[in-house]
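Have a look at query_20.txt below; it lists compact mmCIF, C-alpha atoms.
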```txt
# COMPACT_ATOMS: atom_id res chain seq x y z
CA MET A 1010 80.47 119.33 129.09
CA ALA A 1011 76.93 117.99 129.68
CA GLU A 1012 77.66 114.25 129.82
CA ARG A 1013 80.52 111.79 130.05
CA THR A 1014 82.07 111.51 126.58
CA LEU A 1015 84.83 109.56 124.89
CA VAL A 1016 86.78 111.74 122.44
CA VAL A 1017 89.08 109.88 120.02
CA PHE A 1018 91.48 111.49 117.52
CA ASP A 1019 92.60 108.78 115.09
CA GLU A 1020 95.71 109.20 112.89
CA VAL A 1021 96.49 112.27 114.98
CA GLN A 1022 99.86 112.67 113.24
CA ASN A 1023 97.97 114.15 110.29
CA ILE A 1024 97.16 117.29 112.29
CA LEU A 1025 100.25 117.42 114.50
CA ASP A 1026 102.95 116.88 111.90
CA ASP A 1027 104.48 120.16 110.66
CA ARG A 1028 101.92 122.28 112.50
CA ASP A 1029 103.48 124.05 115.47
CA CYS A 1030 100.20 125.47 116.76
CA ALA A 1031 98.16 122.25 116.47
CA ALA A 1032 99.80 120.50 119.42
CA SER A 1033 99.28 123.57 121.63
CA MET A 1034 95.62 123.78 120.63
CA LEU A 1035 95.21 120.07 121.36
CA GLN A 1036 96.95 120.55 124.72
CA TYR A 1037 94.40 123.23 125.63
CA LEU A 1038 91.50 120.94 124.69
CA VAL A 1039 92.93 117.99 126.64
CA ASP A 1040 93.57 120.11 129.74
CA MET A 1041 90.02 121.48 129.61
CA ILE A 1042 88.52 117.99 129.34
CA ARG A 1043 90.75 116.60 132.11
CA SER A 1044 90.03 119.40 134.56
CA ASP A 1045 86.41 120.36 133.87
CA THR A 1046 84.68 117.14 132.76
CA ASP A 1047 84.45 113.43 133.52
CA SER A 1048 85.26 112.58 129.91
CA MET A 1049 88.18 110.73 128.36
CA PHE A 1050 90.50 111.82 125.56
CA VAL A 1051 92.35 109.31 123.35
CA ILE A 1052 94.83 109.95 120.55
CA CYS A 1053 95.94 107.25 118.11
CA GLY A 1054 98.67 107.28 115.52
CA SER A 1055 100.68 104.81 113.49
CA PRO A 1056 104.25 106.20 113.34
CA VAL A 1057 105.50 104.85 116.68
CA PRO A 1058 108.60 107.11 117.06
CA PHE A 1059 106.50 110.18 116.27
CA MET A 1060 103.83 109.26 118.82
CA ARG A 1061 106.40 108.50 121.50
CA ASP A 1062 108.04 111.87 120.91
CA GLN A 1063 104.73 113.74 121.17
CA VAL A 1064 103.78 112.31 124.58
CA LEU A 1065 107.12 111.41 126.20
CA ASN A 1066 109.31 114.37 125.20
CA ARG A 1067 109.10 116.95 128.00
CA HIS A 1068 109.60 119.75 125.46
CA ARG A 1069 106.38 118.86 123.60
CA PRO A 1070 103.02 120.48 124.49
CA LEU A 1071 101.33 117.10 125.05
CA TYR A 1072 103.94 115.83 127.50
CA GLY A 1073 102.35 114.39 130.64
CA ARG A 1074 98.80 114.54 129.27
CA PHE A 1075 98.49 110.83 128.41
CA PRO A 1076 99.60 108.60 131.32
CA PHE A 1077 98.22 105.40 129.79
CA LEU A 1078 100.15 104.29 126.71
CA VAL A 1079 99.24 101.24 124.63
CA GLU A 1080 101.34 99.97 121.74
CA LEU A 1081 99.08 97.81 119.59
CA GLY A 1082 100.73 94.78 118.01
CA PRO A 1083 99.59 92.77 115.01
CA LEU A 1084 96.61 90.42 115.02
CA SER A 1085 97.36 86.79 115.74
CA VAL A 1086 96.77 84.21 113.03
CA SER A 1087 93.62 82.98 114.78
CA GLU A 1088 92.26 86.54 114.92
CA THR A 1089 92.58 86.83 111.13
CA ARG A 1090 90.34 83.76 110.61
CA ALA A 1091 87.22 85.96 110.45
CA PHE A 1092 88.55 87.59 107.25
CA HIS A 1093 89.12 84.23 105.52
CA PRO A 1094 86.45 81.72 106.66
CA SER A 1095 86.91 79.28 103.77
CA LEU A 1096 90.70 78.83 104.01
CA SER A 1097 92.22 75.67 105.43
CA ASP A 1098 94.49 75.96 108.48
CA ALA A 1099 97.56 75.50 106.28
CA ASP A 1100 96.51 78.17 103.77
CA LEU A 1101 95.52 80.55 106.57
CA LEU A 1102 99.00 80.23 108.05
CA ARG A 1103 100.64 80.71 104.63
CA LEU A 1104 98.57 83.83 104.10
CA TYR A 1105 99.57 85.11 107.54
CA LEU A 1106 103.25 84.61 106.71
CA VAL A 1107 102.72 86.79 103.63
CA LEU A 1108 100.42 89.49 105.01
CA GLY A 1109 101.37 89.63 108.68
CA GLY A 1110 98.79 90.76 111.22
CA VAL A 1111 97.72 94.14 109.82
CA PRO A 1112 93.89 94.12 109.67
CA GLU A 1113 93.69 96.26 106.54
CA HIS A 1114 95.83 93.78 104.59
CA HIS A 1115 93.44 90.96 105.45
CA ARG A 1116 90.34 93.06 104.80
CA ARG A 1117 91.48 93.88 101.27
CA ILE A 1118 92.26 90.23 100.46
CA GLY A 1119 89.05 88.93 102.00
CA ASP A 1120 88.21 85.28 101.32
CA MET A 1121 90.35 85.08 98.18
CA PRO A 1122 92.04 81.67 97.64
CA TYR A 1123 95.56 81.77 99.03
CA ALA A 1124 97.10 80.55 95.74
CA GLU A 1125 96.14 83.85 94.06
CA VAL A 1126 97.64 86.16 96.67
CA PRO A 1127 101.46 85.91 96.25
CA GLY A 1128 101.32 86.31 92.47
CA ARG A 1129 98.99 89.28 92.78
CA MET A 1130 101.39 91.00 95.16
CA VAL A 1131 104.54 90.18 93.19
CA THR A 1132 103.25 91.23 89.77
CA GLY A 1133 101.68 94.44 91.07
CA GLY A 1134 98.10 93.33 90.55
CA ASP A 1135 97.31 95.32 93.68
CA PRO A 1136 100.08 97.93 94.15
CA TRP A 1137 98.42 99.13 97.35
CA PHE A 1138 100.37 96.55 99.37
CA ALA A 1139 103.78 97.74 98.22
CA GLU A 1140 102.80 101.39 98.53
CA SER A 1141 101.37 100.81 102.01
CA ILE A 1142 104.41 98.97 103.32
CA GLU A 1143 107.01 101.33 101.88
CA GLY A 1144 104.97 104.42 102.72
CA ASN A 1145 104.44 103.39 106.34
CA LEU A 1146 108.11 102.48 106.74
CA SER A 1147 109.21 105.82 105.32
CA ALA A 1148 106.91 107.64 107.74
CA GLU A 1149 108.24 105.62 110.69
CA LEU A 1150 111.93 105.89 109.77
CA GLY A 1151 112.13 109.46 108.54
CA SER A 1152 115.58 110.61 107.42
CA VAL A 1153 117.17 107.15 107.63
CA SER A 1154 114.55 105.44 105.45
CA ASP A 1155 116.73 105.17 102.32
CA ASP A 1156 119.59 103.53 104.22
CA ALA A 1157 117.14 101.39 106.17
CA PHE A 1158 115.61 100.07 102.94
CA ARG A 1159 119.10 99.04 101.80
CA ILE A 1160 119.61 97.18 105.05
CA LEU A 1161 116.26 95.42 104.72
CA ASP A 1162 117.18 94.41 101.17
CA SER A 1163 120.54 93.15 102.44
CA VAL A 1164 119.18 91.13 105.37
CA SER A 1165 116.42 89.68 103.19
CA SER A 1166 119.02 88.42 100.72
CA GLY A 1167 120.95 86.55 103.41
CA HIS A 1168 123.42 89.15 104.75
CA ASP A 1169 122.27 88.72 108.35
CA THR A 1170 125.32 89.81 110.38
CA ARG A 1171 126.76 93.29 110.89
CA ARG A 1172 129.90 92.45 108.93
CA ALA A 1173 127.92 90.97 106.05
CA MET A 1174 125.64 94.01 105.92
CA MET A 1175 128.58 96.42 105.91
CA GLU A 1176 130.26 94.53 103.06
CA ASP A 1177 127.03 94.33 101.07
CA THR A 1178 125.86 97.93 101.51
CA GLY A 1179 129.19 99.73 101.89
CA MET A 1180 127.96 101.50 105.03
CA GLY A 1181 130.30 102.47 107.82
CA ASP A 1182 129.85 101.19 111.35
CA ARG A 1183 128.28 104.37 112.74
CA ARG A 1184 125.81 104.76 109.89
CA LEU A 1185 124.84 101.10 110.08
CA THR A 1186 124.35 101.28 113.85
CA ARG A 1187 122.01 104.24 113.47
CA CYS A 1188 119.83 102.39 110.96
CA LEU A 1189 119.79 99.14 112.92
CA LYS A 1190 118.70 101.05 116.02
CA ALA A 1191 115.86 102.66 114.09
CA LEU A 1192 114.69 99.37 112.55
CA THR A 1193 114.81 97.41 115.81
CA GLY A 1194 113.14 100.31 117.61
CA ILE A 1195 109.99 100.04 115.49
CA GLY A 1196 109.96 96.24 115.64
CA VAL A 1197 110.76 95.58 111.97
CA LEU A 1198 114.18 94.02 112.58
CA ARG A 1199 115.14 91.62 115.38
CA ARG A 1200 118.52 90.45 116.61
CA TYR A 1201 118.85 86.88 117.81
CA GLY A 1202 121.66 84.71 119.06
CA SER A 1203 122.76 81.12 119.32
CA VAL A 1204 121.08 79.28 122.21
CA PRO A 1205 122.19 77.58 124.42
CA GLU A 1206 125.82 77.84 123.20
CA ALA A 1207 126.54 81.51 122.62
CA ARG A 1208 128.43 82.72 119.53
CA ARG A 1209 130.62 85.80 119.26
CA TYR A 1210 128.22 87.36 116.78
CA ARG A 1211 124.46 87.61 116.44
CA ARG A 1212 122.23 87.50 113.44
CA TYR A 1213 119.44 89.79 112.29
CA ALA A 1214 116.09 88.88 110.77
CA VAL A 1215 113.15 90.93 109.47
CA SER A 1216 110.53 90.26 112.13
CA ASP A 1217 107.53 92.00 110.52
CA ARG A 1218 105.99 89.40 108.19
CA ALA A 1219 104.52 91.69 105.55
CA VAL A 1220 107.74 93.72 105.42
CA SER A 1221 109.78 90.52 105.19
CA PHE A 1222 107.71 89.22 102.27
CA HIS A 1223 107.91 92.58 100.53
CA PHE A 1224 111.71 92.82 100.73
CA SER A 1225 112.41 89.09 100.31
CA VAL A 1226 110.09 88.45 97.40
CA VAL A 1227 108.18 91.41 95.97
CA ARG A 1228 111.08 93.83 95.46
CA ARG A 1229 113.32 91.06 94.10
CA CYS A 1230 110.76 89.48 91.76
CA ARG A 1231 108.98 92.47 90.22
CA SER A 1232 110.43 91.79 86.78
CA MET A 1233 109.57 88.08 86.85
CA VAL A 1234 106.51 86.41 85.39
CA PRO A 1235 104.31 84.65 88.01
CA GLY A 1236 105.78 81.19 87.35
CA GLU A 1237 109.35 82.38 87.89
CA SER A 1238 108.57 83.88 91.28
CA ARG A 1239 107.12 80.67 92.77
CA GLY A 1240 110.52 79.40 93.87
CA ALA A 1241 111.24 82.66 95.73
CA VAL A 1242 107.84 82.48 97.44
CA SER A 1243 108.45 78.87 98.50
CA ARG A 1244 111.89 79.68 99.95
CA TYR A 1245 110.47 82.67 101.79
CA LEU A 1246 107.65 80.62 103.31
CA SER A 1247 110.10 78.00 104.58
CA ARG A 1248 112.20 80.65 106.37
CA GLY A 1249 109.13 82.54 107.51
CA PHE A 1250 107.67 79.38 109.00
CA GLU A 1251 110.75 78.94 111.19
CA ALA A 1252 110.45 82.52 112.42
CA TYR A 1253 106.74 82.03 113.10
CA CYS A 1254 107.42 78.89 115.16
CA SER A 1255 110.04 80.74 117.18
CA ASP A 1256 107.57 83.56 117.88
CA LEU A 1257 104.92 81.03 118.90
CA VAL A 1258 107.25 79.54 121.50
CA MET A 1259 108.28 82.98 122.75
CA HIS A 1260 104.68 84.10 123.25
CA SER A 1261 103.36 80.79 124.61
CA TYR A 1262 105.93 79.94 127.28
CA PRO A 1263 107.98 81.80 129.91
CA CYS A 1264 111.21 82.12 127.90
CA GLU A 1265 114.46 83.23 129.46
CA ARG A 1266 116.27 83.03 126.12
CA ILE A 1267 115.20 82.11 122.60
CA GLY A 1268 117.00 81.85 119.29
CA SER A 1269 118.44 79.08 117.17
CA TRP A 1270 121.64 77.09 117.12
CA TRP A 1271 124.20 76.80 114.39
CA GLY A 1272 127.63 75.29 114.19
CA SER A 1273 130.19 73.54 112.01
CA VAL A 1274 130.71 69.85 112.80
CA PRO A 1275 132.67 66.95 111.28
CA LYS A 1276 130.82 65.17 108.50
CA ARG A 1277 130.34 61.40 108.73
CA ASP A 1278 129.15 58.70 106.38
CA ASP A 1279 126.16 56.41 107.01
CA ASP A 1280 128.30 54.19 109.25
CA GLY A 1281 129.45 57.11 111.40
CA VAL A 1282 132.98 57.23 109.98
CA LEU A 1283 134.59 60.66 109.60
CA LEU A 1284 134.96 61.87 106.02
CA HIS A 1285 138.22 63.43 104.76
CA ASP A 1286 139.01 65.53 101.71
CA GLY A 1287 141.79 64.86 99.20
CA GLU A 1288 144.38 66.46 101.50
CA GLY A 1289 143.40 64.36 104.50
CA ARG A 1290 141.51 67.08 106.34
CA VAL A 1291 138.23 66.29 108.06
CA VAL A 1292 135.27 67.50 106.01
CA MET A 1293 133.09 69.93 107.98
CA GLU A 1294 129.41 70.69 107.46
CA ASP A 1295 127.11 73.41 108.79
CA VAL A 1296 124.34 72.18 111.06
CA GLY A 1297 121.47 74.14 112.54
CA ILE A 1298 118.55 73.70 114.93
CA ASP A 1299 115.61 75.87 113.92
CA VAL A 1300 114.17 76.82 117.33
CA THR A 1301 116.03 76.74 120.64
CA ALA A 1302 114.75 78.19 123.89
CA THR A 1303 115.42 78.15 127.62
CA LEU A 1304 112.13 78.01 129.54
CA ARG A 1305 111.56 78.61 133.23
CA ILE A 1306 108.66 76.47 134.49
CA GLY A 1307 108.36 76.96 138.24
CA ARG A 1308 111.76 76.05 139.64
CA ASN A 1309 112.68 73.99 136.59
CA ARG A 1310 114.75 75.22 133.68
CA ILE A 1311 113.83 73.42 130.45
CA HIS A 1312 115.85 73.51 127.23
CA LEU A 1313 113.59 73.23 124.21
CA PHE A 1314 114.99 72.16 120.84
CA GLY A 1315 112.68 72.29 117.84
CA ASP A 1316 112.69 71.39 114.16
CA CYS A 1317 110.30 73.04 111.68
CA GLY A 1318 108.79 71.00 108.85
CA TYR A 1319 107.24 73.30 106.28
CA ALA A 1320 107.33 70.85 103.36
CA SER A 1321 104.19 68.96 102.38
CA GLY A 1322 103.65 65.49 103.79
CA VAL A 1323 103.18 64.41 107.38
CA THR A 1324 106.17 64.44 109.72
CA GLY A 1325 107.39 61.10 111.02
CA MET A 1326 109.94 59.53 113.33
CA GLY A 1327 112.79 60.39 110.94
CA ALA A 1328 112.44 64.09 111.78
CA LEU A 1329 112.67 63.35 115.49
CA ARG A 1330 115.76 61.16 115.09
CA GLU A 1331 117.46 63.85 113.01
CA LEU A 1332 116.70 66.47 115.66
CA GLN A 1333 118.04 64.18 118.40
CA CYS A 1334 121.29 63.72 116.45
CA LYS A 1335 121.73 67.49 116.13
CA VAL A 1336 121.14 68.06 119.83
CA GLY A 1337 123.70 65.35 120.54
CA LEU A 1338 126.34 67.59 118.95
CA LEU A 1339 125.92 70.25 121.65
CA LYS A 1340 128.23 70.44 124.63
CA GLY A 1341 126.79 70.34 128.14
CA ASP A 1342 123.96 68.74 130.04
CA TYR A 1343 120.42 69.91 129.32
CA ASN A 1344 116.95 69.27 130.65
CA THR A 1345 115.84 68.55 127.10
CA ARG A 1346 112.42 68.76 125.48
CA PHE A 1347 112.17 67.99 121.79
CA ALA A 1348 109.60 69.88 119.72
CA LEU A 1349 108.43 69.32 116.16
CA PHE A 1350 106.45 71.86 114.14
CA SER A 1351 104.61 70.64 111.05
CA MET A 1352 102.26 72.33 108.61
CA SER A 1353 100.90 68.93 107.54
CA GLY A 1354 100.64 67.12 110.87
CA PHE A 1355 102.28 63.92 112.10
CA ASP A 1356 102.00 60.21 111.43
CA GLU A 1357 100.49 57.82 113.97
CA ASP A 1358 103.81 56.31 115.07
CA LEU A 1359 105.23 59.70 115.99
CA GLU A 1360 102.04 60.80 117.76
CA GLU A 1361 102.03 57.62 119.83
CA TYR A 1362 105.72 57.95 120.70
CA ALA A 1363 105.38 61.67 121.51
CA GLU A 1364 102.60 61.04 124.02
CA GLU A 1365 104.76 58.62 125.97
CA GLY A 1366 108.15 60.27 125.39
CA GLY A 1367 107.24 63.87 126.15
CA VAL A 1368 107.88 65.19 122.63
CA LEU A 1369 105.99 68.43 121.95
CA LEU A 1370 104.04 68.34 118.68
CA PHE A 1371 102.82 71.55 117.03
CA GLY A 1372 100.47 70.60 114.21
CA PRO A 1373 98.18 72.79 112.06
CA GLY A 1374 95.61 73.27 114.85
CA VAL A 1375 98.20 74.45 117.36
CA LEU A 1376 99.96 76.62 114.80
CA THR A 1377 96.76 78.46 113.89
CA GLY A 1378 95.48 78.81 117.45
CA SER A 1379 92.49 76.45 117.30
CA GLU A 1380 94.24 74.01 119.69
CA GLU A 1381 96.22 74.65 122.87
CA VAL A 1382 100.02 74.54 122.81
CA PRO A 1383 101.45 71.37 124.39
CA ASP A 1384 102.53 71.42 128.03
CA PRO A 1385 106.35 71.40 128.27
CA SER A 1386 106.53 70.50 131.97
```
Would you kindly transcribe this structure into structure tokens?
Amino acid sequence: MAERTLVVFDEVQNILDDRDCAASMLQYLVDMIRSDTDSMFVICGSPVPFMRDQVLNRHRPLYGRFPFLVELGPLSVSETRAFHPSLSDADLLRLYLVLGGVPEHHRRIGDMPYAEVPGRMVTGGDPWFAESIEGNLSAELGSVSDDAFRILDSVSSGHDTRRAMMEDTGMGDRRLTRCLKALTGIGVLRRYGSVPEARRYRRYAVSDRAVSFHFSVVRRCRSMVPGESRGAVSRYLSRGFEAYCSDLVMHSYPCERIGSWWGSVPKRDDDGVLLHDGEGRVVMEDVGIDVTATLRIGRNRIHLFGDCGYASGVTGMGALRELQCKVGLLKGDYNTRFALFSMSGFDEDLEEYAEEGGVLLFGPGVLTGSEEVPDPS
């Protein structure tokens, strides 16, 4: 009462959950501070649905008391650098794909060499990670957590459409819809489509990096020895890198739409001749473009098509030519910008061509935030 004070209740769910009188007592304290002092009252909590219900549900005592709501997202990869000063850009990004942007994850790992981290998490050398991820998810998801875990297992093993999930888990449409709504609502699962040519169905991906690593690798490799799990880690990092590049584009540019493109096209030999099977039918092959986005730059609409190169070794002109061939399969006219993302950088020929030809190059410095993203205009 005597001086201006900032009052912060952290992890407030620990006193509000299952205590009917606690919220009313807190309401009284907040009202007293708001009306009789020049002080500020802040409450923080990690279960997002619970916090929303406490302050946005008109039947709750705290409704209307907190007009300024902030949903904190994960740290960026550049913001995690302070936890790992000795790591290279490439290893910092790999670590980020495994841990995500939760500060506590990075604090516990510290400046440990990246090569030690995946094995430690898979073999249970530090069970805190698994317990933290599953415990936080259970708190966020409540009664649907068991079904939601099955969906996360299913999506992480490649069943990324509604039909595929239903066949894999045996869930009915209504039950599945309820779980998908809960998972997308807390930002763990994301639905994305085919851009620019729309498909009748959309795909789902686990968008939280630590959760994705846990369900894609840790839960599936617990019984393996460290050497056996390396292949699963490598496959996860390749897919995770594509998702990271897509997020980088989404957060760096004014995107109207973002996703990927996939389709089935006739297969040709090295001379461009169509291939046929033994019955004379044209052989088809699945083709995909990793990152596709429609950008609005001023009055211009730009269609960005990107390929992600996670593998070791610098990226050269071959990657650009392959991307150009894929884009040539699309129907329609586009204001095209080609983009290449590479963990290992680019060779001199490609860098020289990109500067003159308007190709956007995202090397290690751009990917980790130490360099500016290229200008697409």
**Asked** Can you list, as number ranges by chain, every protein, DNA or RNA residue that comes within 10 Å of A:Asp1169 when you count only C-alpha atoms, leaving out same-chain residues fewer than 3 positions away?
**Response** A: 1160-1161, 1163-1166, 1172-1174, 1200, 1211-1215
Do you have, as CSV, the list of residues of stretch 1299-1379 of chain A lying at most 8 Å from stretch 1263-1272 of chain A, each with its nearest atom pair and that distance in Å to one decimal, counting all atoms listed in the file and ordered by chain then number?
```
residue,atom,partner,partner_atom,distance
A:Asp1299,CA,A:Ser1269,CA,5.4
A:Val1300,CA,A:Ser1269,CA,4.8
A:Thr1301,CA,A:Ser1269,CA,4.8
A:Ala1302,CA,A:Ile1267,CA,4.2
A:Thr1303,CA,A:Arg1266,CA,5.2
A:Leu1304,CA,A:Cys1264,CA,4.5
A:Arg1305,CA,A:Pro1263,CA,5.8
A:Ile1306,CA,A:Pro1263,CA,7.1
```
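Proximity ranking of A:Val1039, A:Val1086, A:Met1259, A:Cys1188 relative to A:Asp1156 places A:Cys1188 first, based on only C-alpha atoms.
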**Asked** So what do you get for atom CA of A:Leu1104 versus atom CA of A:Thr1132, distance-wise?
**Response**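 We find that atom CA of A:Leu1104 and atom CA of A:Thr1132 lie 16.8 Å from each other.
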**Asked** Leaving out A:Pro1058 and any residue of its chain fewer than 5 positions from it, which residues lie within 10 Å of it when counting all atoms listed in the file, given as a VMD selection string?
**Response** chain A and resid 1063 1148 to 1151 1191 1194 to 1195
**Request:** Could you tell me which of A:Leu1332, A:Val1375, A:Val1197, A:Ala1031 comes closest to A:Gly1109 if we count all atoms listed in the file?
**Result:**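 Counting all atoms listed in the file, the residue closest to A:Gly1109 is A:Val1197.
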**Message:** Just to confirm, what's the straight-line distance from atom CA of A:Ser1141 to atom CA of A:Pro1127 in Å (one decimal)?
**Reply:**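 Atom CA of A:Pro1127 lies at a distance of 16.0 Å from atom CA of A:Ser1141.
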Taking the point (127.6, 71.4, 107.7) as given in the file, collect each protein or nucleic acid residue that comes within 10 Å of it, counting all atoms listed in the file, and present the set as a JSON list (two decimals) with C-alpha atoms, in the frame of the given file.
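Final output, out.json:
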```json
[["chain", "number", "residue", "atom", "x", "y", "z"],
["A", 1271, "TRP", "CA", 124.20, 76.80, 114.39],
["A", 1272, "GLY", "CA", 127.63, 75.29, 114.19],
["A", 1273, "SER", "CA", 130.19, 73.54, 112.01],
["A", 1274, "VAL", "CA", 130.71, 69.85, 112.80],
["A", 1275, "PRO", "CA", 132.67, 66.95, 111.28],
["A", 1276, "LYS", "CA", 130.82, 65.17, 108.50],
["A", 1292, "VAL", "CA", 135.27, 67.50, 106.01],
["A", 1293, "MET", "CA", 133.09, 69.93, 107.98],
["A", 1294, "GLU", "CA", 129.41, 70.69, 107.46],
["A", 1295, "ASP", "CA", 127.11, 73.41, 108.79],
["A", 1296, "VAL", "CA", 124.34, 72.18, 111.06],
["A", 1297, "GLY", "CA", 121.47, 74.14, 112.54]]
```
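Restricting the calculation to all atoms listed in the file, the smallest distance between A:Gly1337 and any of A:Val1107, A:Met1352, A:Leu1284, A:Ile1298 is found for A:Ile1298.
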**Distance in Å - atom CA of A:Asn1344 versus atom CA of A:His1312** = 5.6 Å
**Request:** Just the residues within 9 Å of stretch 1041-1053 of chain A, please, counting all atoms listed in the file, with nothing from its chain fewer than 4 positions along; format it as a PyMOL selection string.
**Result:** chain A and resi 1010-1022+1036-1037+1060+1074-1075
Let me have the centre and edge lengths of the axis-aligned box enclosing all listed atoms of stretch 1032-1042 of chain A with 4 Å padding on every side, in Å to one decimal, as JSON.
```
{"center_x": 94.2, "center_y": 120.9, "center_z": 124.6, "size_x": 19.3, "size_y": 13.8, "size_z": 18.3}
```
**Complete:** For A:Phe1250, the closest of A:Ser1087, A:Gln1333, A:Thr1377, A:Ser1386 counting all atoms listed in the file is A:Thr1377
**Asked** From the set A:Ala1320, A:Met1121, A:Leu1189, A:Val1336, which residue has the shortest atom-to-atom contact distance to A:Glu1251, counting only C-alpha atoms?
**Response** A:Ala1320
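Proximity of A:Leu1369, A:Cys1334, A:Ala1091, A:Ala1157 to A:Thr1178, computed with only C-alpha atoms, is greatest for A:Ala1157.
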**Within 12 Å of file point (107.2, 101.6, 123.0), counting all atoms listed in the file, expressed as a ChimeraX atom specification** = /A:1055-1062,1064-1065,1077-1082,1193-1196
**Item:** Residue contacts of A:Pro1094 (10 Å, all atoms listed in the file) excluding same-chain residues fewer than 4 positions away, as a ChimeraX atom specification
**Value:** /A:1089-1090,1101,1119-1121
